[in-house]
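What's in protein11.csv: CSV, C-alpha atoms (C1' of nucleotides)
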chain,number,residue,atom,x,y,z
J,281,MET,CA,93.0,103.6,106.8
J,282,PRO,CA,93.8,107.0,108.1
J,283,GLU,CA,94.8,109.9,105.9
J,284,LEU,CA,95.4,113.5,106.8
J,285,PRO,CA,91.8,114.3,107.8
J,286,GLU,CA,91.6,111.2,110.1
J,287,ALA,CA,95.1,111.9,111.5
J,288,GLU,CA,94.0,115.5,112.2
J,289,THR,CA,90.8,114.4,113.9
J,290,ILE,CA,92.7,112.0,116.0
J,291,ALA,CA,95.4,114.5,116.9
J,292,ARG,CA,92.8,117.1,118.0
J,293,GLY,CA,91.1,114.5,120.1
J,294,LEU,CA,94.3,113.4,121.7
J,295,ASN,CA,95.3,117.0,122.3
J,296,ALA,CA,92.0,117.5,124.2
J,297,CYS,CA,92.5,114.4,126.3
J,298,ILE,CA,96.2,114.3,127.1
J,299,ALA,CA,97.8,117.7,126.5
J,300,GLY,CA,99.4,118.6,129.8
J,301,ALA,CA,99.1,115.1,131.2
J,302,ARG,CA,102.0,113.1,132.7
J,303,VAL,CA,102.7,109.5,131.7
J,304,GLU,CA,102.5,107.3,134.7
J,305,ARG,CA,103.4,104.2,132.8
J,306,ALA,CA,103.4,102.7,129.4
J,307,ARG,CA,102.9,99.0,128.5
J,308,VAL,CA,103.8,97.6,125.2
J,309,HIS,CA,101.7,94.6,124.4
J,310,ARG,CA,103.0,93.9,121.0
J,311,SER,CA,106.7,94.8,120.6
J,312,GLU,CA,106.6,95.1,116.8
J,313,LEU,CA,104.7,98.3,117.2
J,314,VAL,CA,107.8,100.0,118.5
J,315,GLU,CA,110.5,98.2,116.4
J,316,PRO,CA,113.3,98.9,116.0
J,317,MET,CA,113.0,100.3,119.6
J,318,THR,CA,112.8,97.8,122.3
J,319,ALA,CA,109.7,97.7,124.4
J,320,ALA,CA,111.8,98.6,127.5
J,321,ALA,CA,113.4,101.6,125.8
J,322,PHE,CA,110.0,102.8,124.6
J,323,ARG,CA,108.5,102.4,128.1
J,324,THR,CA,111.4,104.2,129.7
J,325,ALA,CA,111.3,107.1,127.2
J,326,LEU,CA,107.7,107.8,128.0
J,327,ARG,CA,107.7,107.2,131.7
J,328,ASP,CA,107.2,110.4,133.8
J,329,ARG,CA,107.2,112.6,130.7
J,330,ARG,CA,104.6,115.3,130.3
J,331,VAL,CA,102.8,115.6,127.0
J,332,GLU,CA,103.0,119.3,125.9
J,333,ARG,CA,100.7,119.0,123.0
J,334,VAL,CA,99.6,116.7,120.2
J,335,GLY,CA,99.5,117.5,116.5
J,336,ARG,CA,100.2,115.8,113.2
J,337,ARG,CA,102.6,115.9,110.3
J,338,GLY,CA,101.2,114.4,107.1
J,339,LYS,CA,99.6,111.2,108.4
J,340,TRP,CA,101.9,111.0,111.5
J,341,ILE,CA,100.6,111.7,114.9
J,342,VAL,CA,103.2,113.8,116.8
J,343,ALA,CA,103.1,114.3,120.6
J,344,ILE,CA,105.7,116.7,121.9
J,345,LEU,CA,107.1,115.7,125.3
J,346,ASP,CA,108.5,118.0,128.0
J,347,ASP,CA,112.0,116.8,127.4
J,348,GLY,CA,111.9,118.0,123.8
J,349,ARG,CA,111.5,114.5,122.3
J,350,ARG,CA,108.6,113.5,120.2
J,351,TRP,CA,106.3,110.5,120.5
J,352,VAL,CA,105.4,109.8,116.9
J,353,THR,CA,102.9,107.2,115.6
J,354,GLN,CA,102.2,106.0,112.1
J,355,LEU,CA,98.8,104.6,112.0
J,356,ARG,CA,99.2,102.9,108.6
J,357,MET,CA,96.0,100.9,107.8
J,358,THR,CA,94.3,100.0,111.0
J,359,GLY,CA,96.0,101.8,113.9
J,360,ARG,CA,93.6,103.3,116.3
J,361,PHE,CA,93.9,105.3,119.6
J,362,THR,CA,91.2,105.2,122.3
J,363,TRP,CA,91.0,107.3,125.4
J,364,SER,CA,89.2,106.0,128.4
J,365,GLU,CA,89.1,106.8,132.1
J,366,ASN,CA,88.8,103.1,132.8
J,367,SER,CA,92.3,101.9,133.9
J,368,ARG,CA,91.5,98.2,133.8
J,369,ILE,CA,93.9,96.6,131.3
J,370,ARG,CA,92.2,93.6,129.9
J,371,SER,CA,93.6,91.2,127.4
J,372,GLU,CA,92.0,92.5,124.3
J,373,PRO,CA,92.5,91.4,120.7
J,374,HIS,CA,94.8,93.7,118.8
J,375,LEU,CA,95.8,95.8,121.8
J,376,SER,CA,99.4,96.9,121.1
J,377,LEU,CA,100.0,99.6,123.7
J,378,SER,CA,98.4,101.2,126.8
J,379,VAL,CA,99.6,104.4,128.4
J,380,ARG,CA,98.3,105.4,131.8
J,381,LEU,CA,98.3,109.2,132.2
J,382,GLN,CA,97.6,111.7,135.0
J,383,GLY,CA,96.3,114.9,133.6
J,384,PRO,CA,94.8,118.3,134.5
J,385,THR,CA,91.5,117.1,133.3
J,386,GLY,CA,91.7,113.8,135.1
J,387,ASP,CA,93.4,110.5,134.8
J,388,GLY,CA,92.9,108.0,132.0
J,389,THR,CA,94.3,105.3,129.8
J,390,LEU,CA,95.3,105.8,126.2
J,391,ARG,CA,95.2,102.5,124.3
J,392,PHE,CA,96.4,101.7,120.8
J,393,TYR,CA,94.9,98.9,118.7
J,394,ASP,CA,96.1,97.7,115.4
J,395,VAL,CA,94.4,94.8,113.6
J,396,ARG,CA,96.9,94.5,110.7
J,397,ARG,CA,100.0,95.3,112.7
J,398,PHE,CA,101.5,97.7,110.2
J,399,ALA,CA,101.5,100.6,112.6
J,400,ARG,CA,104.7,102.0,114.2
J,401,SER,CA,105.2,104.2,117.2
J,402,TRP,CA,108.5,105.6,118.4
J,403,VAL,CA,109.9,108.1,120.8
J,404,LEU,CA,112.5,110.2,118.9
J,405,ASP,CA,114.9,113.0,119.8
J,406,GLN,CA,115.1,116.0,117.5
J,407,ALA,CA,118.1,114.5,115.6
J,408,ALA,CA,116.0,111.4,114.7
J,409,TRP,CA,112.8,113.1,113.9
J,410,ALA,CA,114.3,115.9,111.7
J,411,PRO,CA,115.2,113.7,108.8
J,412,ILE,CA,111.7,112.1,108.8
J,413,ASP,CA,110.1,115.5,108.9
J,414,ASP,CA,112.4,116.8,106.2
J,415,ARG,CA,111.7,114.0,103.9
J,416,LEU,CA,107.9,114.5,104.1
J,417,GLY,CA,106.5,116.8,101.4
J,418,VAL,CA,104.7,120.1,101.8
J,419,GLU,CA,101.7,120.3,104.1
J,420,PRO,CA,98.7,120.8,101.8
J,421,LEU,CA,96.8,122.9,104.2
J,422,SER,CA,99.7,125.2,105.0
J,423,ASP,CA,100.5,128.6,103.5
J,424,ALA,CA,103.5,127.0,101.8
J,425,PHE,CA,101.2,125.0,99.6
J,426,THR,CA,101.0,127.6,96.8
J,427,ALA,CA,100.2,126.9,93.1
J,428,ALA,CA,104.0,127.4,92.5
J,429,ALA,CA,104.8,124.8,95.1
J,430,LEU,CA,102.4,122.3,93.6
J,431,THR,CA,103.8,123.0,90.1
J,432,GLU,CA,107.2,122.1,91.4
J,433,VAL,CA,105.9,119.0,93.0
J,434,LEU,CA,104.4,117.8,89.7
J,435,ALA,CA,107.2,119.0,87.4
J,436,GLY,CA,108.8,116.4,85.3
J,437,SER,CA,106.8,113.5,86.6
J,438,ARG,CA,105.4,111.0,84.0
J,439,ALA,CA,103.7,109.0,86.7
J,440,PRO,CA,99.9,109.1,86.9
J,441,LEU,CA,98.5,112.1,88.8
J,442,ARG,CA,96.8,109.8,91.4
J,443,ASN,CA,100.1,108.1,92.2
J,444,VAL,CA,101.9,111.4,92.7
J,445,LEU,CA,99.3,112.6,95.0
J,446,LEU,CA,99.9,109.5,97.1
J,447,ASP,CA,103.6,110.1,97.4
J,448,GLN,CA,104.2,111.3,100.9
J,449,ASN,CA,107.5,112.8,100.0
J,450,ARG,CA,105.9,115.3,97.6
J,451,VAL,CA,102.7,116.2,99.4
J,452,ALA,CA,102.2,114.9,102.9
J,453,GLY,CA,98.9,113.4,104.0
J,454,ILE,CA,96.9,112.4,101.0
J,455,GLY,CA,95.8,108.7,100.7
J,456,ASN,CA,93.9,106.8,98.2
J,457,ILE,CA,90.4,107.9,99.2
J,458,TYR,CA,91.1,111.6,99.0
J,459,ALA,CA,93.5,111.3,96.0
J,460,ASN,CA,90.5,109.9,94.0
J,461,GLU,CA,88.0,112.5,95.4
J,462,ILE,CA,90.5,115.3,94.7
J,463,CYS,CA,91.0,114.3,91.1
J,464,TYR,CA,87.2,114.1,90.6
J,465,LEU,CA,86.6,117.5,92.1
J,466,ALA,CA,89.4,119.0,90.0
J,467,ARG,CA,87.9,117.3,86.9
J,468,LEU,CA,91.3,115.7,86.2
J,469,ASP,CA,91.8,112.1,84.9
J,470,PRO,CA,93.8,110.4,87.6
J,471,CYS,CA,95.8,108.5,84.9
J,472,ARG,CA,97.2,111.8,83.4
J,473,PRO,CA,100.9,112.2,83.6
J,474,ALA,CA,101.3,114.5,86.6
J,475,GLY,CA,103.9,116.7,84.9
J,476,GLY,CA,101.7,117.4,81.9
J,477,LEU,CA,99.1,119.6,83.7
J,478,GLU,CA,98.6,123.1,82.5
J,479,ALA,CA,98.8,126.0,84.8
J,480,ALA,CA,95.0,126.4,85.1
J,481,GLU,CA,94.7,122.7,85.9
J,482,VAL,CA,97.4,122.9,88.6
J,483,ARG,CA,95.4,125.7,90.2
J,484,ARG,CA,92.2,123.7,90.0
J,485,LEU,CA,94.1,120.7,91.6
J,486,ARG,CA,95.4,122.8,94.5
J,487,SER,CA,92.0,124.2,95.2
J,488,ALA,CA,90.5,120.7,95.1
J,489,ILE,CA,93.1,119.3,97.4
J,490,GLN,CA,92.4,122.0,100.0
J,491,LYS,CA,88.6,121.8,99.6
J,492,VAL,CA,88.4,118.0,99.9
J,493,LEU,CA,90.8,117.9,102.9
J,494,HIS,CA,89.0,120.8,104.7
J,495,GLU,CA,85.6,119.3,104.2
J,496,ALA,CA,86.8,115.8,105.3
J,497,ILE,CA,88.3,117.3,108.5
J,498,GLU,CA,85.0,119.1,109.1
J,499,ARG,CA,83.3,115.7,108.8
J,500,ARG,CA,85.8,114.1,111.1
J,501,GLY,CA,87.2,111.8,108.4
J,502,THR,CA,85.9,108.7,106.5
J,503,SER,CA,84.8,105.6,108.4
J,504,PHE,CA,84.3,102.5,106.4
J,505,SER,CA,85.0,99.8,108.9
J,506,ASP,CA,88.1,100.5,111.1
J,507,TYR,CA,88.5,104.2,111.5
J,508,ARG,CA,87.2,105.7,114.7
J,509,ASP,CA,88.3,108.9,116.5
J,510,VAL,CA,89.8,108.9,120.0
J,511,LEU,CA,86.4,108.6,121.7
J,512,GLY,CA,85.2,105.9,119.3
J,513,GLY,CA,83.1,108.2,117.1
J,514,ARG,CA,82.8,107.6,113.3
J,515,GLY,CA,83.6,110.1,110.6
J,516,GLU,CA,80.9,111.3,108.1
J,517,PHE,CA,82.8,111.8,104.9
J,518,GLN,CA,81.9,108.3,103.6
J,519,ASN,CA,78.5,109.8,103.0
J,520,VAL,CA,79.7,112.3,100.5
J,521,LEU,CA,82.2,110.3,98.4
J,522,ARG,CA,81.7,111.0,94.7
J,523,VAL,CA,83.8,108.3,93.1
J,524,TYR,CA,85.7,106.3,95.7
J,525,ASP,CA,84.4,102.7,95.7
J,526,ARG,CA,81.6,103.6,93.3
J,527,ALA,CA,82.6,101.8,90.2
J,528,GLY,CA,79.6,101.1,88.0
J,529,GLU,CA,77.5,103.8,89.6
J,530,ARG,CA,76.5,107.0,87.7
J,531,CYS,CA,78.5,110.2,88.0
J,532,GLU,CA,76.3,112.8,89.6
J,533,ARG,CA,77.9,115.5,87.5
J,534,CYS,CA,77.6,114.1,84.0
J,535,GLY,CA,75.8,110.7,84.3
J,536,ASN,CA,78.6,108.6,82.9
J,537,GLU,CA,79.5,105.3,84.6
J,538,ILE,CA,82.3,105.6,87.2
J,539,GLN,CA,85.3,103.4,86.3
J,540,ARG,CA,87.8,101.5,88.4
J,541,VAL,CA,91.3,101.0,87.1
J,542,VAL,CA,94.4,99.8,88.9
J,543,LEU,CA,97.3,102.2,89.1
J,544,ALA,CA,100.5,101.1,90.9
J,545,GLY,CA,98.6,98.1,92.3
J,546,ARG,CA,95.8,100.2,93.9
J,547,SER,CA,92.3,101.0,92.8
J,548,ALA,CA,91.6,104.4,91.2
J,549,PHE,CA,88.1,105.5,90.6
J,550,PHE,CA,87.1,108.2,88.1
J,551,CYS,CA,84.4,109.4,85.7
J,552,PRO,CA,85.6,109.1,82.1
J,553,GLY,CA,82.9,111.6,81.1
J,554,CYS,CA,84.0,114.7,83.0
J,555,GLN,CA,87.5,114.0,84.2
J,556,ILE,CA,89.8,114.9,81.4
B,31,DC,C1',116.7,109.2,90.2
B,32,DC,C1',112.0,107.5,88.7
B,33,DC,C1',108.5,104.4,89.1
B,34,DC,C1',106.4,99.9,89.7
B,35,DT,C1',105.8,95.5,92.2
B,36,DC,C1',105.7,93.1,96.2
B,37,DA,C1',105.7,92.0,101.0
B,38,DC,C1',104.1,93.0,105.4
B,39,DC,C1',99.3,91.4,108.3
B,40,DT,C1',94.3,90.3,109.4
B,41,DG,C1',89.6,90.3,108.4
B,42,DA,C1',85.5,91.1,105.4
B,43,DT,C1',83.2,89.8,101.4
B,44,DC,C1',82.0,87.3,97.3
B,45,DG,C1',81.4,83.5,94.2
B,46,DC,C1',81.1,78.6,93.9
K,177,DT,C1',78.0,76.3,105.9
K,178,DG,C1',82.6,76.1,104.1
K,179,DC,C1',86.5,77.5,101.3
K,180,DG,C1',89.5,79.8,98.4
K,181,DA,C1',90.3,84.1,96.0
K,182,DT,C1',90.4,88.9,96.3
K,183,DC,C1',90.5,93.2,98.4
K,184,DA,C1',91.3,96.9,102.0
K,185,DG,C1',92.3,103.7,104.1
K,186,DG,C1',99.9,102.6,104.0
K,187,DT,C1',104.6,102.4,103.1
K,188,DG,C1',109.4,101.0,102.3
K,189,DA,C1',112.6,97.6,100.2
K,190,DG,C1',114.1,96.0,95.9
K,191,DG,C1',114.7,95.9,91.1
K,192,DG,C1',114.1,97.3,86.2
Since I need it in another form, could you write the structure as C-alpha cells?
Amino acid sequence: MPELPEAETIARGLNACIAGARVERARVHRSELVEPMTAAAFRTALRDRRVERVGRRGKWIVAILDDGRRWVTQLRMTGRFTWSENSRIRSEPHLSLSVRLQGPTGDGTLRFYDVRRFARSWVLDQAAWAPIDDRLGVEPLSDAFTAAALTEVLAGSRAPLRNVLLDQNRVAGIGNIYANEICYLARLDPCRPAGGLEAAEVRRLRSAIQKVLHEAIERRGTSFSDYRDVLGGRGEFQNVLRVYDRAGERCERCGNEIQRVVLAGRSAFFCPGCQI
DNA sequence: CCCCTCACCTGATCGC
DNA sequence: TGCGATCAGGTGAGGG
C-alpha cells in the first residue's frame, strides 16, 4: 500500500499526535510484527521512552526516541496506524500493536493494524539503523536528488525504467502507483532500459518524480481500499491518477488506449501513444 | 553484481 | 450463492 506520500502523511500525522509523548506501555498482539525481536524486548525498549519526533526515510516510518534509538516501522502493503484518545483495548481483527502514550497534548493510544501481516516494526540503536539507512537510495525530494544523482542511479541498468524506480536501494520511496504515474508525466515508456535515457529525458524524469510525489503529498496520498492516515482520513490522489489501473481507458493526453503489461511480475500501465 | 521469480499473507473481485 | 482463479500499494531470499 503505502509509498512515500502515504508514509509522509502518516509521519506528519504521528508527529502531531505523539511528538513529546511518553510511552506508558506497549502491547504486541501479533509477535511476527516485531520479528526477529521478541515481543518482550520490543515492549521493554519502548517503555517509558519519550518520542522526540516522527519522520520517514523512504517508505519507513521513523520515530526518534529520547535514548537515541529509533522505533522504525515498515508498513509494507496494509500496515496502518491509528491514533485515538480511547484507551480501551478490544480484541480487534488485524490488531498487531497498541501503544499507550502520555503526551503534552493529552493521552492516547496508538494502534497498528495489518491485514496481510507483511509489516515489520523494530526498535533499533544507531548501529542497527545505520546500515538500513545507508542501503536505502537517495531521497527524491531532497536537495541531493539532482539530475546528476539520477543519472548515476540509472547508469548501466538494462532493467525497465519502471523496475528501477521501484528499487528502494536506488531511489527511496517510490512504489508501483507513483512509478507508473511518474513515467506517464515524463512521457517515458516504463519498459525502456533505464540506462538508455538521454540527458533531457533524465531531467524530465527527475522533474516528474518530484512533481508527482509533491502533488501526492498535498493530496495526502492515494486511498484505494486500505490506506488511511493516522486519524482515519482518506487520501485524494486516486482521483487524479492518469494511467495506474486504467488499462483500456483513453489517454487524456493523446487519446490512445492505455495498456497494461507485466514487468517483474507486477502491472505496469502506460500510454503507447505518448510515452516513448 | 544484475535482474527476475517466488514466497510471504488476507481479502476483494470476477467469471462460471 | 458458491467456488476457484486472480490480483493487490512491498520486499527480501534464492537462483540463473
Would you give me, as CSV, each residue of chain J having an atom within 9 Å of an atom of chain K, along with its shortest atom pair and that distance in Å to one decimal, using all atoms listed in the file and sorting by chain and residue number?
residue,atom,partner,partner_atom,distance
J:Met281,CA,K:DG185,C1',2.8
J:Pro282,CA,K:DG185,C1',5.4
J:Glu283,CA,K:DG185,C1',6.9
J:Leu355,CA,K:DG186,C1',8.3
J:Arg356,CA,K:DG186,C1',4.7
J:Met357,CA,K:DG186,C1',5.7
J:Thr358,CA,K:DG185,C1',8.1
J:Phe398,CA,K:DG186,C1',8.1
J:Ala399,CA,K:DG186,C1',9.0
J:Gly455,CA,K:DG185,C1',7.0
J:Asn456,CA,K:DG185,C1',6.9
J:Ile457,CA,K:DG185,C1',6.7
J:Thr502,CA,K:DG185,C1',8.5
J:Ser503,CA,K:DG185,C1',8.9
J:Phe504,CA,K:DG185,C1',8.4
J:Asp506,CA,K:DG185,C1',8.8
J:Tyr507,CA,K:DG185,C1',8.3
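The environment of segment 34-46 of chain B within 8 Å, counting all atoms listed in the file and disregarding residues fewer than 4 places along the same chain, consists of Val395, Arg396, Arg397, Phe398, Ala544 and Gly545 of chain J.
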Pairwise distance, atom CA of Leu326 of chain J with atom CA of Pro411 of chain J, equals 21.4 Å
Do you know which residues are at most 12 Å from His309 of chain J counting only C-alpha atoms (C1' of nucleotides), after dropping those on the same chain fewer than 3 positions away, and could you put them as a ChimeraX atom specification?
/J:306,312-314,318-320,322-323,369-379,391-394,397
As a check of understanding: the span from atom CA of Glu516 of chain J to atom CA of Ile489 of chain J is 18.1 Å
Handout entry: Residue contacts of Val520 of chain J (10 Å, all atoms listed in the file) excluding same-chain residues fewer than 2 positions away, as a ChimeraX atom specification
Key = /J:461,495-496,499,502,516-518,522-524
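Within a radius of 12 Å around (78.3, 106.2, 84.0), the polymer residues are Val523, Arg526, Ala527, Gly528, Glu529, Arg530, Cys531, Glu532, Arg533, Cys534, Gly535, Asn536, Glu537, Ile538, Gln539, Arg540, Phe549, Phe550, Cys551, Pro552, Gly553 and Cys554 of chain J, counting all atoms listed in the file.
Closest approach to chain B from the set J:Arg330, J:Arg438, J:Lys491, J:Arg336 is made by J:Arg438, with distances taken over all atoms listed in the file.
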Test item: write chain K with N, CA and C atoms (P, O5', C5', C4', C3', O3' and C1' of nucleotides) as a compact mmCIF listing (two decimals), in the first residue's frame:
# COMPACT_ATOMS: atom_id res chain seq x y z
P DT K 177 -27.61 -14.10 -1.81
O5' DT K 177 -26.85 -15.50 -1.99
C5' DT K 177 -27.53 -16.73 -1.70
C4' DT K 177 -26.55 -17.85 -1.95
C3' DT K 177 -25.15 -17.62 -1.36
O3' DT K 177 -24.82 -18.72 -0.54
C1' DT K 177 -25.00 -18.18 -3.67
P DG K 178 -23.39 -18.99 -0.04
O5' DG K 178 -22.71 -19.70 -1.30
C5' DG K 178 -23.27 -20.91 -1.83
C4' DG K 178 -22.20 -21.65 -2.58
C3' DG K 178 -20.82 -21.51 -1.94
O3' DG K 178 -20.15 -22.76 -2.06
C1' DG K 178 -20.77 -20.58 -4.12
P DC K 179 -18.69 -23.00 -1.64
O5' DC K 179 -17.94 -22.89 -3.03
C5' DC K 179 -18.13 -23.84 -4.08
C4' DC K 179 -17.00 -23.61 -5.06
C3' DC K 179 -15.66 -23.39 -4.36
O3' DC K 179 -14.64 -24.08 -5.05
C1' DC K 179 -16.17 -21.53 -5.71
P DG K 180 -13.23 -24.35 -4.38
O5' DG K 180 -12.27 -24.02 -5.59
C5' DG K 180 -12.58 -24.48 -6.91
C4' DG K 180 -12.00 -23.51 -7.92
C3' DG K 180 -10.53 -23.17 -7.66
O3' DG K 180 -9.86 -23.20 -8.90
C1' DG K 180 -11.79 -21.18 -7.74
P DA K 181 -8.26 -23.09 -8.97
O5' DA K 181 -8.10 -21.72 -9.76
C5' DA K 181 -8.86 -21.50 -10.94
C4' DA K 181 -8.64 -20.06 -11.39
C3' DA K 181 -7.19 -19.59 -11.27
O3' DA K 181 -6.86 -18.88 -12.45
C1' DA K 181 -8.63 -18.16 -10.03
P DT K 182 -5.38 -18.33 -12.64
O5' DT K 182 -5.56 -16.81 -12.19
C5' DT K 182 -6.59 -16.03 -12.78
C4' DT K 182 -6.56 -14.65 -12.17
C3' DT K 182 -5.15 -14.10 -11.91
O3' DT K 182 -5.04 -12.83 -12.51
C1' DT K 182 -6.50 -13.86 -9.99
P DC K 183 -3.61 -12.13 -12.68
O5' DC K 183 -3.75 -10.86 -11.75
C5' DC K 183 -4.91 -10.05 -11.81
C4' DC K 183 -5.00 -9.25 -10.54
C3' DC K 183 -3.64 -8.74 -10.06
O3' DC K 183 -3.52 -7.34 -10.25
C1' DC K 183 -4.95 -9.67 -8.26
P DA K 184 -2.07 -6.66 -9.96
O5' DA K 184 -2.26 -6.08 -8.49
C5' DA K 184 -3.22 -5.07 -8.22
C4' DA K 184 -3.24 -4.80 -6.74
C3' DA K 184 -1.85 -4.80 -6.10
O3' DA K 184 -1.26 -3.50 -6.18
C1' DA K 184 -3.40 -6.05 -4.78
P DG K 185 0.05 -3.24 -7.07
O5' DG K 185 0.78 -2.07 -6.32
C5' DG K 185 0.09 -1.00 -5.73
C4' DG K 185 1.01 -0.18 -4.89
C3' DG K 185 1.88 -0.95 -3.91
O3' DG K 185 2.91 -0.08 -3.46
C1' DG K 185 0.03 -0.11 -2.80
P DG K 186 4.33 -0.63 -3.47
O5' DG K 186 4.32 -1.79 -2.38
C5' DG K 186 4.12 -1.52 -1.02
C4' DG K 186 5.23 -2.13 -0.18
C3' DG K 186 6.64 -1.92 -0.72
O3' DG K 186 7.50 -1.75 0.40
C1' DG K 186 6.13 -4.23 -0.68
P DT K 187 9.07 -1.48 0.21
O5' DT K 187 9.75 -2.92 0.30
C5' DT K 187 9.67 -3.58 1.54
C4' DT K 187 10.28 -4.94 1.45
C3' DT K 187 11.67 -4.98 0.78
O3' DT K 187 12.46 -5.83 1.57
C1' DT K 187 10.29 -6.60 -0.16
P DG K 188 13.81 -5.46 2.17
O5' DG K 188 14.50 -6.88 2.37
C5' DG K 188 13.88 -7.80 3.25
C4' DG K 188 14.07 -9.20 2.71
C3' DG K 188 15.48 -9.44 2.17
O3' DG K 188 15.89 -10.72 2.57
C1' DG K 188 13.92 -9.98 0.52
P DA K 189 17.21 -11.30 2.78
O5' DA K 189 17.03 -12.83 2.35
C5' DA K 189 15.88 -13.55 2.82
C4' DA K 189 15.67 -14.76 1.93
C3' DA K 189 16.95 -15.45 1.48
O3' DA K 189 16.73 -16.85 1.47
C1' DA K 189 15.74 -14.70 -0.43
P DG K 190 17.90 -17.88 1.19
O5' DG K 190 17.72 -18.25 -0.34
C5' DG K 190 16.47 -18.79 -0.79
C4' DG K 190 16.50 -18.95 -2.29
C3' DG K 190 17.83 -19.52 -2.83
O3' DG K 190 17.51 -20.53 -3.79
C1' DG K 190 17.28 -17.51 -3.94
P DG K 191 18.61 -21.52 -4.32
O5' DG K 191 18.58 -21.22 -5.88
C5' DG K 191 17.33 -21.15 -6.57
C4' DG K 191 17.56 -20.53 -7.93
C3' DG K 191 18.85 -20.99 -8.61
O3' DG K 191 18.62 -21.14 -9.99
C1' DG K 191 18.84 -18.65 -8.44
P DG K 192 19.44 -22.19 -10.85
O5' DG K 192 19.36 -21.54 -12.31
C5' DG K 192 18.17 -20.92 -12.75
C4' DG K 192 18.51 -19.78 -13.69
C3' DG K 192 19.70 -20.08 -14.61
O3' DG K 192 19.41 -19.55 -15.90
C1' DG K 192 20.13 -18.12 -13.37
